[in-house]
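This is model17.cif. It holds mmCIF, C-alpha atoms and all ligand atoms.
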```
data_structure
#
loop_
_atom_site.label_atom_id
_atom_site.label_comp_id
_atom_site.auth_asym_id
_atom_site.auth_seq_id
_atom_site.Cartn_x
_atom_site.Cartn_y
_atom_site.Cartn_z
CA MET A 418 -37.06 19.50 -19.21
CA THR A 419 -36.42 15.88 -20.11
CA SER A 420 -32.88 14.59 -20.21
CA SER A 421 -31.92 12.28 -23.06
CA PRO A 422 -31.51 8.60 -22.10
CA SER A 423 -27.99 7.44 -21.36
CA PRO A 424 -26.26 5.92 -24.40
CA TRP A 425 -24.40 3.54 -22.05
CA PRO A 426 -25.74 0.07 -21.29
CA VAL A 427 -26.74 -0.81 -17.72
CA THR A 428 -24.69 -3.85 -16.72
CA ARG A 429 -23.82 -5.86 -13.60
CA PHE A 430 -20.67 -3.78 -13.42
CA SER A 431 -22.44 -0.41 -13.64
CA ARG A 432 -24.96 -1.55 -10.98
CA LEU A 433 -22.26 -2.88 -8.66
CA LEU A 434 -20.65 0.55 -8.43
CA ASP A 435 -23.68 2.68 -9.28
CA LEU A 436 -21.89 4.16 -12.31
CA ARG A 437 -23.41 6.58 -14.79
CA ARG A 438 -20.88 5.35 -17.31
CA PRO A 439 -19.42 1.80 -17.07
CA VAL A 440 -15.97 3.14 -17.78
CA VAL A 441 -12.76 2.61 -15.81
CA GLN A 442 -10.00 5.13 -16.36
CA GLY A 443 -7.00 2.80 -16.50
CA PRO A 444 -4.56 3.21 -13.61
CA PHE A 445 -1.11 4.50 -14.59
CA GLY A 446 1.73 3.26 -12.40
CA SER A 447 5.17 4.50 -11.42
CA GLY A 448 4.23 8.16 -10.99
CA LEU A 449 2.15 8.67 -14.14
CA SER A 450 -1.26 8.90 -12.44
CA SER A 451 -2.60 12.26 -11.32
CA VAL A 452 -5.08 13.02 -8.57
CA ASP A 453 -6.72 15.60 -10.86
CA LEU A 454 -7.49 12.97 -13.51
CA THR A 455 -8.72 10.39 -10.99
CA VAL A 456 -11.03 12.97 -9.42
CA ALA A 457 -12.31 14.31 -12.77
CA VAL A 458 -13.28 10.82 -13.94
CA ALA A 459 -14.85 9.84 -10.60
CA GLU A 460 -16.89 13.05 -10.61
CA ALA A 461 -18.13 12.15 -14.09
CA GLY A 462 -19.75 8.95 -12.79
CA ALA A 463 -17.05 6.57 -14.01
CA VAL A 464 -14.21 4.87 -12.09
CA GLY A 465 -11.26 7.19 -11.44
CA SER A 466 -8.12 5.14 -10.94
CA PHE A 467 -4.67 5.84 -9.50
CA GLY A 468 -1.64 3.59 -9.99
CA ALA A 469 0.14 3.29 -6.63
CA ASN A 470 2.78 0.61 -7.32
CA HIS A 471 5.58 3.08 -6.61
CA LEU A 472 4.15 4.44 -3.33
CA ASP A 473 5.01 3.28 0.19
CA ALA A 474 2.38 2.57 2.83
CA GLU A 475 2.37 6.09 4.24
CA ALA A 476 1.97 7.66 0.81
CA ILE A 477 -0.91 5.28 -0.02
CA THR A 478 -2.74 6.31 3.16
CA ALA A 479 -2.23 9.98 2.28
CA LEU A 480 -3.29 9.42 -1.34
CA VAL A 481 -6.62 7.81 -0.43
CA GLY A 482 -7.27 10.61 2.10
CA ASP A 483 -6.55 13.19 -0.57
CA LEU A 484 -8.80 11.52 -3.16
CA ARG A 485 -11.62 11.15 -0.61
CA SER A 486 -11.39 14.82 0.34
CA ARG A 487 -11.90 15.77 -3.30
CA THR A 488 -14.64 13.45 -4.54
CA ASN A 489 -17.47 11.21 -3.39
CA GLY A 490 -17.24 9.39 -6.72
CA VAL A 491 -15.83 5.92 -7.26
CA ILE A 492 -12.08 5.77 -6.79
CA ASN A 493 -9.82 2.82 -7.50
CA VAL A 494 -6.24 2.40 -6.30
CA ASN A 495 -4.08 -0.10 -8.17
CA LEU A 496 -1.13 -2.24 -7.01
CA TRP A 497 1.23 -4.63 -8.78
CA VAL A 498 1.27 -8.14 -7.27
CA PRO A 499 4.93 -9.26 -7.20
CA LEU A 500 5.79 -11.96 -9.72
CA PRO A 501 7.66 -15.00 -8.32
CA GLY A 502 11.26 -14.02 -7.52
CA GLU A 503 10.67 -10.30 -8.08
CA VAL A 504 11.02 -9.22 -4.45
CA ASP A 505 14.43 -10.88 -4.31
CA VAL A 506 15.82 -9.02 -7.32
CA ARG A 507 19.04 -7.37 -6.14
CA VAL A 508 21.54 -5.81 -8.50
CA GLY A 509 25.03 -5.76 -7.01
CA ALA A 510 27.32 -2.72 -7.21
CA ASP A 511 29.63 -4.76 -9.51
CA GLU A 512 26.80 -5.43 -12.00
CA VAL A 513 25.60 -1.84 -12.32
CA ALA A 514 28.33 -0.75 -14.75
CA GLY A 515 27.39 -3.57 -17.18
CA PHE A 516 23.71 -2.65 -17.14
CA VAL A 517 24.38 1.07 -17.42
CA ALA A 518 26.87 0.79 -20.33
CA PRO A 519 24.21 0.55 -23.10
CA LEU A 520 22.38 3.52 -21.53
CA ARG A 521 25.45 5.75 -21.29
CA PRO A 522 25.12 7.38 -24.77
CA PHE A 523 21.58 8.47 -23.87
CA TYR A 524 22.62 9.88 -20.51
CA ASP A 525 25.48 11.69 -22.23
CA ALA A 526 23.13 13.11 -24.90
CA LEU A 527 21.07 14.69 -22.15
CA GLY A 528 24.06 15.77 -20.05
CA VAL A 529 22.86 13.76 -17.07
CA ALA A 530 25.17 11.66 -14.86
CA VAL A 531 24.65 7.90 -15.17
CA PRO A 532 23.59 6.11 -11.98
CA ASP A 533 26.72 4.67 -10.38
CA GLY A 534 25.31 2.68 -7.49
CA PRO A 535 22.82 -0.17 -7.12
CA PRO A 536 19.23 0.99 -7.43
CA PRO A 537 17.34 1.38 -4.14
CA ALA A 538 14.72 -1.24 -3.29
CA GLY A 539 11.17 -0.09 -4.00
CA PRO A 540 8.24 -0.26 -1.56
CA ARG A 541 7.18 -3.72 -0.39
CA TYR A 542 3.84 -5.03 -1.68
CA ASP A 543 3.09 -6.64 1.72
CA ASP A 544 3.22 -3.20 3.36
CA GLN A 545 1.35 -1.49 0.52
CA ILE A 546 -1.59 -3.88 0.66
CA VAL A 547 -2.05 -3.50 4.42
CA ALA A 548 -2.17 0.30 4.08
CA LEU A 549 -4.46 0.14 1.06
CA LEU A 550 -7.02 -2.16 2.69
CA ALA A 551 -6.98 -0.02 5.84
CA ALA A 552 -7.63 3.10 3.74
CA ALA A 553 -10.42 1.21 1.93
CA PRO A 554 -11.09 3.12 -1.30
CA ARG A 555 -14.32 2.00 -3.06
CA VAL A 556 -12.28 -0.17 -5.45
CA VAL A 557 -8.85 -1.78 -5.36
CA SER A 558 -7.34 -3.29 -8.49
CA PHE A 559 -4.44 -5.60 -9.16
CA VAL A 560 -2.22 -6.47 -12.07
CA PHE A 561 0.54 -9.08 -12.51
CA GLY A 562 -1.10 -11.69 -10.32
CA VAL A 563 -3.88 -13.08 -8.18
CA PRO A 564 -4.48 -11.29 -4.87
CA ASP A 565 -4.31 -13.67 -1.87
CA ALA A 566 -7.53 -15.10 -0.46
CA GLU A 567 -7.03 -13.07 2.75
CA VAL A 568 -6.68 -9.87 0.71
CA VAL A 569 -9.92 -10.53 -1.18
CA ALA A 570 -11.71 -11.50 2.05
CA GLU A 571 -10.49 -8.40 3.90
CA ALA A 572 -11.48 -6.15 0.99
CA HIS A 573 -14.96 -7.65 1.02
CA ARG A 574 -15.24 -7.25 4.82
CA ARG A 575 -14.57 -3.55 4.27
CA GLY A 576 -17.02 -3.24 1.38
CA VAL A 577 -14.22 -2.74 -1.14
CA VAL A 578 -14.75 -4.04 -4.69
CA VAL A 579 -11.83 -6.01 -6.15
CA LEU A 580 -10.78 -5.76 -9.81
CA ALA A 581 -7.87 -7.66 -11.33
CA THR A 582 -6.34 -7.89 -14.77
CA ALA A 583 -6.02 -11.00 -16.94
CA THR A 584 -4.15 -11.17 -20.24
CA THR A 585 -5.22 -14.74 -21.08
CA VAL A 586 -8.26 -16.95 -20.46
CA GLU A 587 -6.19 -19.06 -18.09
CA GLU A 588 -5.38 -16.00 -15.96
CA ALA A 589 -9.01 -14.89 -16.00
CA VAL A 590 -10.14 -18.29 -14.69
CA ALA A 591 -7.54 -18.08 -11.88
CA LEU A 592 -8.86 -14.64 -10.89
CA ASP A 593 -12.47 -15.84 -11.06
CA GLU A 594 -11.66 -18.79 -8.80
CA ALA A 595 -9.98 -16.40 -6.34
CA GLY A 596 -13.28 -14.51 -5.91
CA VAL A 597 -12.26 -11.29 -7.67
CA ASP A 598 -15.43 -9.22 -8.29
CA VAL A 599 -14.62 -7.89 -11.76
CA ILE A 600 -12.07 -9.14 -14.29
CA VAL A 601 -10.30 -6.69 -16.56
CA ALA A 602 -9.48 -8.57 -19.78
CA SER A 603 -6.49 -6.71 -21.15
CA GLY A 604 -5.74 -7.43 -24.79
CA SER A 605 -2.25 -7.01 -26.20
CA ASP A 606 -3.33 -3.79 -28.00
CA ALA A 607 -3.06 -2.03 -24.61
CA GLY A 608 -0.49 0.57 -23.68
CA GLY A 609 1.97 0.14 -20.82
CA HIS A 610 3.21 -3.08 -19.23
CA ARG A 611 1.79 -6.43 -20.20
CA GLY A 612 0.42 -7.89 -16.98
CA ALA A 613 0.92 -11.59 -17.82
CA PHE A 614 1.54 -13.70 -14.73
CA LEU A 615 1.01 -17.40 -15.54
CA ARG A 616 3.16 -17.70 -18.65
CA PRO A 617 5.83 -15.52 -20.26
CA VAL A 618 4.48 -12.36 -21.92
CA GLU A 619 5.52 -13.68 -25.33
CA GLU A 620 3.08 -16.59 -24.84
CA SER A 621 0.32 -14.32 -23.53
CA LEU A 622 -0.20 -11.82 -26.32
CA VAL A 623 -3.89 -12.06 -27.19
CA GLY A 624 -5.57 -9.17 -28.98
CA THR A 625 -8.62 -7.60 -27.30
CA LEU A 626 -11.05 -8.80 -29.98
CA SER A 627 -9.94 -12.39 -29.37
CA LEU A 628 -9.49 -12.21 -25.60
CA VAL A 629 -12.72 -10.58 -24.42
CA PRO A 630 -15.33 -13.05 -25.74
CA GLN A 631 -13.25 -16.06 -24.64
CA VAL A 632 -12.89 -14.62 -21.13
CA VAL A 633 -16.61 -13.77 -21.01
CA ASP A 634 -17.39 -17.42 -21.85
CA ALA A 635 -14.97 -18.76 -19.22
CA VAL A 636 -15.76 -16.76 -16.07
CA ALA A 637 -18.74 -15.91 -13.87
CA ALA A 638 -17.56 -12.42 -12.88
CA PRO A 639 -18.39 -9.41 -15.02
CA VAL A 640 -15.66 -8.59 -17.54
CA VAL A 641 -14.30 -5.14 -18.29
CA ALA A 642 -12.55 -4.95 -21.67
CA ALA A 643 -9.21 -3.14 -21.94
CA GLY A 644 -6.71 -2.56 -24.70
CA GLY A 645 -7.24 -0.51 -27.82
CA ILE A 646 -10.52 1.06 -26.71
CA THR A 647 -10.37 4.79 -27.38
CA ASP A 648 -13.43 5.83 -29.38
CA ALA A 649 -17.13 4.95 -29.29
CA ARG A 650 -16.94 2.40 -32.10
CA GLN A 651 -14.52 0.40 -30.00
CA VAL A 652 -16.62 0.86 -26.86
CA ARG A 653 -19.61 -0.48 -28.72
CA ALA A 654 -17.58 -3.42 -30.04
CA ALA A 655 -16.45 -4.28 -26.50
CA PHE A 656 -20.05 -4.46 -25.30
CA ALA A 657 -20.97 -6.54 -28.36
CA LEU A 658 -18.24 -9.01 -27.30
CA GLY A 659 -19.92 -9.43 -23.91
CA ALA A 660 -17.94 -6.95 -21.82
CA GLU A 661 -19.89 -5.15 -19.10
CA GLY A 662 -17.53 -2.19 -18.93
CA VAL A 663 -14.50 -0.74 -20.65
CA GLN A 664 -11.13 0.29 -19.23
CA ILE A 665 -9.54 3.10 -21.21
CA GLY A 666 -5.88 3.94 -20.73
CA SER A 667 -4.28 5.81 -23.63
CA GLY A 668 -7.43 7.87 -24.27
CA PHE A 669 -7.25 9.31 -20.74
CA LEU A 670 -3.46 9.59 -20.76
CA ALA A 671 -3.78 12.24 -23.49
CA THR A 672 -6.25 14.39 -21.51
CA HIS A 673 -5.34 17.71 -19.93
CA GLU A 674 -5.52 16.34 -16.36
CA SER A 675 -3.09 13.48 -17.05
CA ALA A 676 0.35 13.72 -15.45
CA VAL A 677 2.40 12.70 -18.48
CA PRO A 678 4.54 15.40 -20.10
CA ASP A 679 3.59 17.14 -23.35
CA VAL A 680 6.13 15.15 -25.35
CA HIS A 681 4.27 11.99 -24.32
CA LYS A 682 0.81 13.44 -25.09
CA ASP A 683 2.10 14.50 -28.53
CA ALA A 684 3.36 10.96 -29.16
CA LEU A 685 -0.02 9.50 -28.15
CA THR A 686 -1.97 11.70 -30.53
CA THR A 687 0.34 11.39 -33.53
CA ALA A 688 -1.83 11.01 -36.63
CA PRO A 689 -3.05 7.48 -37.43
CA GLY A 690 -0.73 5.99 -40.01
CA ARG A 691 2.25 7.74 -38.49
CA HIS A 692 1.80 6.17 -35.06
CA SER A 693 3.37 2.84 -34.21
CA THR A 694 4.13 0.95 -31.03
CA VAL A 695 6.47 -1.81 -29.88
CA LEU A 696 6.81 -4.03 -26.86
CA THR A 697 10.03 -3.06 -25.13
CA SER A 698 11.83 -3.96 -21.92
CA ALA A 699 14.37 -1.16 -22.41
CA PHE A 700 12.98 1.18 -19.77
CA SER A 701 11.87 -1.14 -16.98
CA GLY A 702 13.25 -4.61 -17.61
CA ARG A 703 9.72 -5.86 -18.33
CA LEU A 704 7.79 -5.81 -21.61
CA ALA A 705 5.54 -2.80 -22.09
CA ARG A 706 3.90 -1.20 -25.15
CA GLY A 707 5.06 2.23 -26.22
CA VAL A 708 6.10 4.39 -29.14
CA PRO A 709 9.55 3.39 -30.43
CA ASN A 710 12.49 5.77 -30.18
CA ARG A 711 16.28 5.75 -29.97
CA VAL A 712 16.31 3.96 -26.61
CA THR A 713 13.90 1.16 -27.55
CA ARG A 714 15.70 0.58 -30.87
CA ALA A 715 19.11 0.38 -29.24
CA LEU A 716 17.87 -2.19 -26.73
CA ALA A 717 15.61 -4.11 -29.15
CA ASP A 718 18.18 -6.91 -29.33
CA PRO A 719 17.61 -9.03 -26.19
CA ALA A 720 21.37 -9.69 -26.09
CA VAL A 721 21.95 -6.05 -25.05
CA PRO A 722 22.29 -6.21 -21.25
CA ARG A 723 19.55 -4.77 -19.07
CA ALA A 724 18.74 -5.26 -15.41
CA PRO A 725 15.68 -7.27 -14.37
CA TYR A 726 12.55 -5.40 -13.24
CA PRO A 727 12.40 -3.32 -11.07
CA ALA A 728 16.13 -2.51 -11.15
CA GLN A 729 16.15 -1.41 -14.81
CA SER A 730 13.31 0.97 -14.06
CA ALA A 731 15.40 2.63 -11.35
CA LEU A 732 18.48 2.74 -13.62
CA THR A 733 16.54 4.56 -16.37
CA ALA A 734 14.52 6.85 -14.07
CA PRO A 735 16.89 9.88 -14.18
CA LEU A 736 17.11 9.52 -17.98
CA ARG A 737 13.32 9.40 -18.39
CA ARG A 738 12.85 12.37 -16.05
CA ALA A 739 15.43 14.48 -17.88
CA ALA A 740 14.01 13.57 -21.31
CA ALA A 741 10.46 14.42 -20.22
CA ALA A 742 11.61 17.78 -18.83
CA ALA A 743 13.50 18.56 -22.05
CA GLY A 744 10.63 17.44 -24.31
CA ASP A 745 13.04 14.93 -25.82
CA ARG A 746 11.03 12.25 -27.62
CA GLU A 747 14.04 10.03 -28.40
CA HIS A 748 14.91 9.31 -24.77
CA ALA A 749 11.54 9.50 -22.98
CA SER A 750 9.33 6.50 -22.26
CA LEU A 751 6.24 7.00 -24.44
CA TRP A 752 3.82 4.30 -23.28
CA SER A 753 0.93 3.99 -25.69
CA GLY A 754 -1.75 1.57 -26.80
CA GLN A 755 -2.36 0.80 -30.45
CA SER A 756 -5.50 2.97 -30.65
CA ALA A 757 -4.06 6.06 -28.98
CA PRO A 758 -4.32 8.24 -32.15
CA LEU A 759 -8.11 7.98 -31.90
CA GLY A 760 -7.89 10.11 -28.75
CA ARG A 761 -7.57 13.87 -28.45
CA ARG A 762 -5.93 16.31 -26.10
CA MET A 763 -8.95 17.61 -24.20
CA ARG A 764 -10.40 17.70 -20.66
CA ALA A 765 -11.32 14.26 -19.28
CA VAL A 766 -14.99 15.23 -18.89
CA ASP A 767 -15.08 16.49 -22.47
CA TYR A 768 -13.61 13.20 -23.62
CA LEU A 769 -16.35 11.29 -21.77
CA GLU A 770 -19.03 13.58 -23.18
CA ARG A 771 -17.59 13.08 -26.64
CA LEU A 772 -17.92 9.31 -26.10
CA ASP A 773 -21.55 9.86 -24.98
CA ALA A 774 -22.35 11.78 -28.15
CA GLU A 775 -20.55 9.34 -30.43
CA LEU A 776 -22.20 6.38 -28.71
CA ALA A 777 -25.62 7.93 -29.10
CA ALA A 778 -24.82 8.47 -32.77
CA VAL A 779 -23.61 4.91 -33.42
CA GLY A 780 -26.40 3.42 -31.27
CA ARG A 781 -25.83 1.06 -28.37
C1 LIG A 801 1.52 4.76 -19.00
C2 LIG A 801 0.71 3.58 -18.60
C3 LIG A 801 0.84 3.09 -17.31
C4 LIG A 801 0.04 2.01 -16.90
N1 LIG A 801 0.18 1.54 -15.61
C5 LIG A 801 -0.65 0.57 -15.17
C6 LIG A 801 -0.59 0.14 -13.81
O1 LIG A 801 0.21 0.60 -13.00
N2 LIG A 801 -1.47 -0.83 -13.42
C7 LIG A 801 -2.40 -1.38 -14.29
O2 LIG A 801 -3.18 -2.22 -13.87
N3 LIG A 801 -2.46 -0.99 -15.58
C8 LIG A 801 -1.61 -0.04 -16.03
N4 LIG A 801 -1.70 0.39 -17.33
C9 LIG A 801 -2.73 -0.19 -18.22
C10 LIG A 801 -3.96 0.75 -18.28
O3 LIG A 801 -4.52 0.91 -17.01
C11 LIG A 801 -5.01 0.25 -19.26
O4 LIG A 801 -5.46 -1.04 -18.92
C12 LIG A 801 -4.48 0.21 -20.68
O5 LIG A 801 -3.80 1.42 -20.98
C13 LIG A 801 -5.63 0.00 -21.64
O6 LIG A 801 -5.19 -0.01 -22.97
P1 LIG A 801 -5.17 1.31 -23.93
O7 LIG A 801 -3.95 2.05 -23.54
O8 LIG A 801 -5.11 0.74 -25.28
O9 LIG A 801 -6.43 2.07 -23.63
C14 LIG A 801 -0.89 1.43 -17.79
C15 LIG A 801 -1.00 1.91 -19.10
C16 LIG A 801 -0.22 2.99 -19.51
C17 LIG A 801 -0.40 3.50 -20.92
#
```
For the structure just supplied, provide its representation as structure tokens.
Amino acid sequence: MTSSPSPWPVTRFSRLLDLRRPVVQGPFGSGLSSVDLTVAVAEAGAVGSFGANHLDAEAITALVGDLRSRTNGVINVNLWVPLPGEVDVRVGADEVAGFVAPLRPFYDALGVAVPDGPPPAGPRYDDQIVALLAAAPRVVSFVFGVPDAEVVAEAHRRGVVVLATATTVEEAVALDEAGVDVIVASGSDAGGHRGAFLRPVEESLVGTLSLVPQVVDAVAAPVVAAGGITDARQVRAAFALGAEGVQIGSGFLATHESAVPDVHKDALTTAPGRHSTVLTSAFSGRLARGVPNRVTRALADPAVPRAPYPAQSALTAPLRRAAAAAGDREHASLWSGQSAPLGRRMRAVDYLERLDAELAAVGR
């Protein structure tokens, strides 16, 4: 029996990690990744990712052990590099009431008590990175900044491949100069937080079709295209722009193995034409792309008070949890890229096989 040739191109990126499909399942931070999805994608010969920004060192060690026990495929664990000043963000007890006031109607609608104390500090990046490098998954990836030279050197000593995300050409060049192995060029079509780190997000919104070829021209490292890539036409376009791999977020977020609640999967797969997204800082204090609802509309005016990241994220966490549990679309965070409606609710492996078939049909 002869097997049909792979419809995927062989690239520097696919060779580096010995991938059957040069696809990265985008990491989902803050509790939205699932081990089942990471494992399913890794087993399918692509990169299975897990967003670990919310985990402490001990949990990161346990996570990598868990992933390793379930797959020999390529796993990637993702961290958020702190932006300047972020680690010092402290919201005082006296400020909490002011930040919570605009959220109170939403908490009341769900019958959940508003947070009344300052949000707890999250895990420290400096501790996370030590644990992550010691655990040494096949790939580590970063967003919101350039990993330190020592981090890149230590990863390489351990045989770990380093990916990092750029939202502009300038950021991509900084990552290339830092010796990152693969650059994820994330266009502003993408779902979730905008990872800009050199200039404000508002000055860093470059669509994928514009960003990818300019990054490819500017850096030596292989480029993985991200943002708005959900079906095979878009995959093919990304390769035509010079990308050597694709990172897919929203498409995988809708799959059965993904951790997001049904209300979120429904919002992702709303029919094209009825689906829209906005950039909002309402839920986390930092701009991220998602489906608009009552919460994003109420906080659309920047004059409405909100805490800086990560405090706002902690202040909205009980609201988001309650809304997800109740299937309440108006108060849940519904992160989504602009191409999400081109995805389907199906198993991750079926989604990848559908891409194979569509790619074969549209040609390489
Ligand atoms: C819910 C959600 C959470 C995300 N969290 C992270 C994260 O923690 N780290 C990261 O590097 N990228 C994160 N991303 C970006 C994705 O990994 C991916 O690059 C992006 O979704 C690609 O765009 P698409 O949604 O249009 O496919 C997130 C995206 C979504 C939708």
Residues within 7 Å of ligand LIG 801 (chain A) should be enumerated using all atoms listed in the file and returned as a PyMOL selection string. chain A and resi 442-447+449+468-470+495-497+558-560+582+603+606-610+643-647+664-668+670+752-757
For a quick check of your reading of the model, name the residues lying within 8 Å of the coordinate (-27.1, 5.9, -24.2), counting all atoms listed in the file, and write them as a tab-separated table (two decimals) with C-alpha atoms, keeping the file's coordinate frame.
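Saved to out12.tsv:
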```
chain	number	residue	atom	x	y	z
A	422	PRO	CA	-31.51	8.60	-22.10
A	423	SER	CA	-27.99	7.44	-21.36
A	424	PRO	CA	-26.26	5.92	-24.40
A	425	TRP	CA	-24.40	3.54	-22.05
A	426	PRO	CA	-25.74	0.07	-21.29
A	773	ASP	CA	-21.55	9.86	-24.98
A	776	LEU	CA	-22.20	6.38	-28.71
A	777	ALA	CA	-25.62	7.93	-29.10
A	780	GLY	CA	-26.40	3.42	-31.27
A	781	ARG	CA	-25.83	1.06	-28.37
```
May I have the protein, DNA and RNA residues with any atom at most 12 Å from the point (-7.1, 11.4, 0.1), counting only C-alpha atoms, written as a PyMOL selection string? chain A and resi 452-453+455-456+467+475-489+492-494+549+552-554
re atom CA of Val640 of chain A and atom CA of Ile600 of chain A: distance 4.9 Å
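Across A:Arg706, A:Arg438, A:Arg764, A:Arg555, the tightest approach to Arg611 of chain A is made by A:Arg706 when counting all atoms listed in the file.
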Give one line per residue of segment 531-592 of chain A that approaches segment 621-630 of chain A to at most 12 Å, naming the two atoms of the closest pair and their distance in Å to one decimal, counting all atoms listed in the file; sort by chain then ascending residue number and deliver it as a Markdown table.
```
| residue | atom | partner | partner_atom | distance |
| --- | --- | --- | --- | --- |
| A:Thr582 | CA | A:Val629 | CA | 11.9 |
| A:Ala583 | CA | A:Leu628 | CA | 9.4 |
| A:Thr584 | CA | A:Ser621 | CA | 6.4 |
| A:Thr585 | CA | A:Ser621 | CA | 6.1 |
| A:Val586 | CA | A:Leu628 | CA | 7.1 |
| A:Glu587 | CA | A:Ser621 | CA | 9.7 |
| A:Glu588 | CA | A:Ser621 | CA | 9.6 |
| A:Ala589 | CA | A:Leu628 | CA | 10.0 |
```
With C-alpha atoms kept, could you save the residues just selected as a PDB file, keeping the file's coordinate frame?
```pdb
ATOM      1  CA  THR A 582      -6.340  -7.890 -14.770  1.00  0.00           C
ATOM      2  CA  ALA A 583      -6.020 -11.000 -16.940  1.00  0.00           C
ATOM      3  CA  THR A 584      -4.150 -11.170 -20.240  1.00  0.00           C
ATOM      4  CA  THR A 585      -5.220 -14.740 -21.080  1.00  0.00           C
ATOM      5  CA  VAL A 586      -8.260 -16.950 -20.460  1.00  0.00           C
ATOM      6  CA  GLU A 587      -6.190 -19.060 -18.090  1.00  0.00           C
ATOM      7  CA  GLU A 588      -5.380 -16.000 -15.960  1.00  0.00           C
ATOM      8  CA  ALA A 589      -9.010 -14.890 -16.000  1.00  0.00           C
TER       9      ALA A 589
END
```
Do you know which residues are at most 7 Å from segment 535-548 of chain A counting all atoms listed in the file, after dropping those on the same chain fewer than 4 positions away, and could you put them as a ChimeraX atom specification? /A:471-474,477-478,498,508-510,513,552,728,731-732
What is the distance, in Å and to one decimal place, between atom CA of Val680 of chain A and atom CA of Gln729 of chain A? 22.0 Å
Atomic distance atom CA of Leu751 of chain A - atom CA of Leu736 of chain A, expressed in Å with one decimal: 12.9 Å
Counting only C-alpha atoms, closest pick from A:Ala774, A:Val779, A:Ala602, A:Ala705 relative to Ala654 of chain A is A:Val779
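Of the residues under consideration (A:Pro532, A:Gly707, A:Ser466, A:Arg737), A:Ser466 shows the shortest atom-to-atom contact distance to Leu454 of chain A when counting only C-alpha atoms.
Using only C-alpha atoms for every distance, the candidate list A:Pro519, A:Ala655, A:Val529, A:Gly702 yields A:Pro519 as the residue closest to Ala715 of chain A.
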Could you complete segment 632-636 of chain A so that it carries all heavy atoms, and give it back as a JSON list (two decimals), keeping the file's coordinate frame?
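Just written: selection-v8.json:
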```
[["chain", "number", "residue", "atom", "x", "y", "z"],
["A", 632, "VAL", "N", -12.85, -14.80, -22.59],
["A", 632, "VAL", "CA", -12.89, -14.62, -21.13],
["A", 632, "VAL", "C", -14.34, -14.59, -20.65],
["A", 632, "VAL", "O", -14.70, -15.22, -19.65],
["A", 632, "VAL", "CB", -12.12, -13.34, -20.71],
["A", 632, "VAL", "CG1", -12.37, -13.01, -19.24],
["A", 632, "VAL", "CG2", -10.62, -13.51, -20.97],
["A", 633, "VAL", "N", -15.19, -13.86, -21.39],
["A", 633, "VAL", "CA", -16.61, -13.77, -21.01],
["A", 633, "VAL", "C", -17.22, -15.19, -20.91],
["A", 633, "VAL", "O", -17.96, -15.50, -19.99],
["A", 633, "VAL", "CB", -17.38, -12.91, -22.04],
["A", 633, "VAL", "CG1", -18.89, -13.07, -21.90],
["A", 633, "VAL", "CG2", -16.99, -11.43, -21.89],
["A", 634, "ASP", "N", -16.85, -16.05, -21.85],
["A", 634, "ASP", "CA", -17.39, -17.42, -21.85],
["A", 634, "ASP", "C", -16.85, -18.25, -20.69],
["A", 634, "ASP", "O", -17.47, -19.22, -20.27],
["A", 634, "ASP", "CB", -17.02, -18.14, -23.17],
["A", 634, "ASP", "CG", -17.83, -17.61, -24.35],
["A", 634, "ASP", "OD1", -18.81, -16.87, -24.12],
["A", 634, "ASP", "OD2", -17.47, -17.96, -25.49],
["A", 635, "ALA", "N", -15.66, -17.88, -20.17],
["A", 635, "ALA", "CA", -14.97, -18.76, -19.22],
["A", 635, "ALA", "C", -15.21, -18.39, -17.75],
["A", 635, "ALA", "O", -14.91, -19.21, -16.88],
["A", 635, "ALA", "CB", -13.47, -18.75, -19.51],
["A", 636, "VAL", "N", -15.68, -17.19, -17.47],
["A", 636, "VAL", "CA", -15.76, -16.76, -16.07],
["A", 636, "VAL", "C", -17.19, -16.36, -15.69],
["A", 636, "VAL", "O", -18.01, -16.04, -16.55],
["A", 636, "VAL", "CB", -14.80, -15.57, -15.77],
["A", 636, "VAL", "CG1", -13.36, -15.95, -16.07],
["A", 636, "VAL", "CG2", -15.20, -14.31, -16.54]]
```
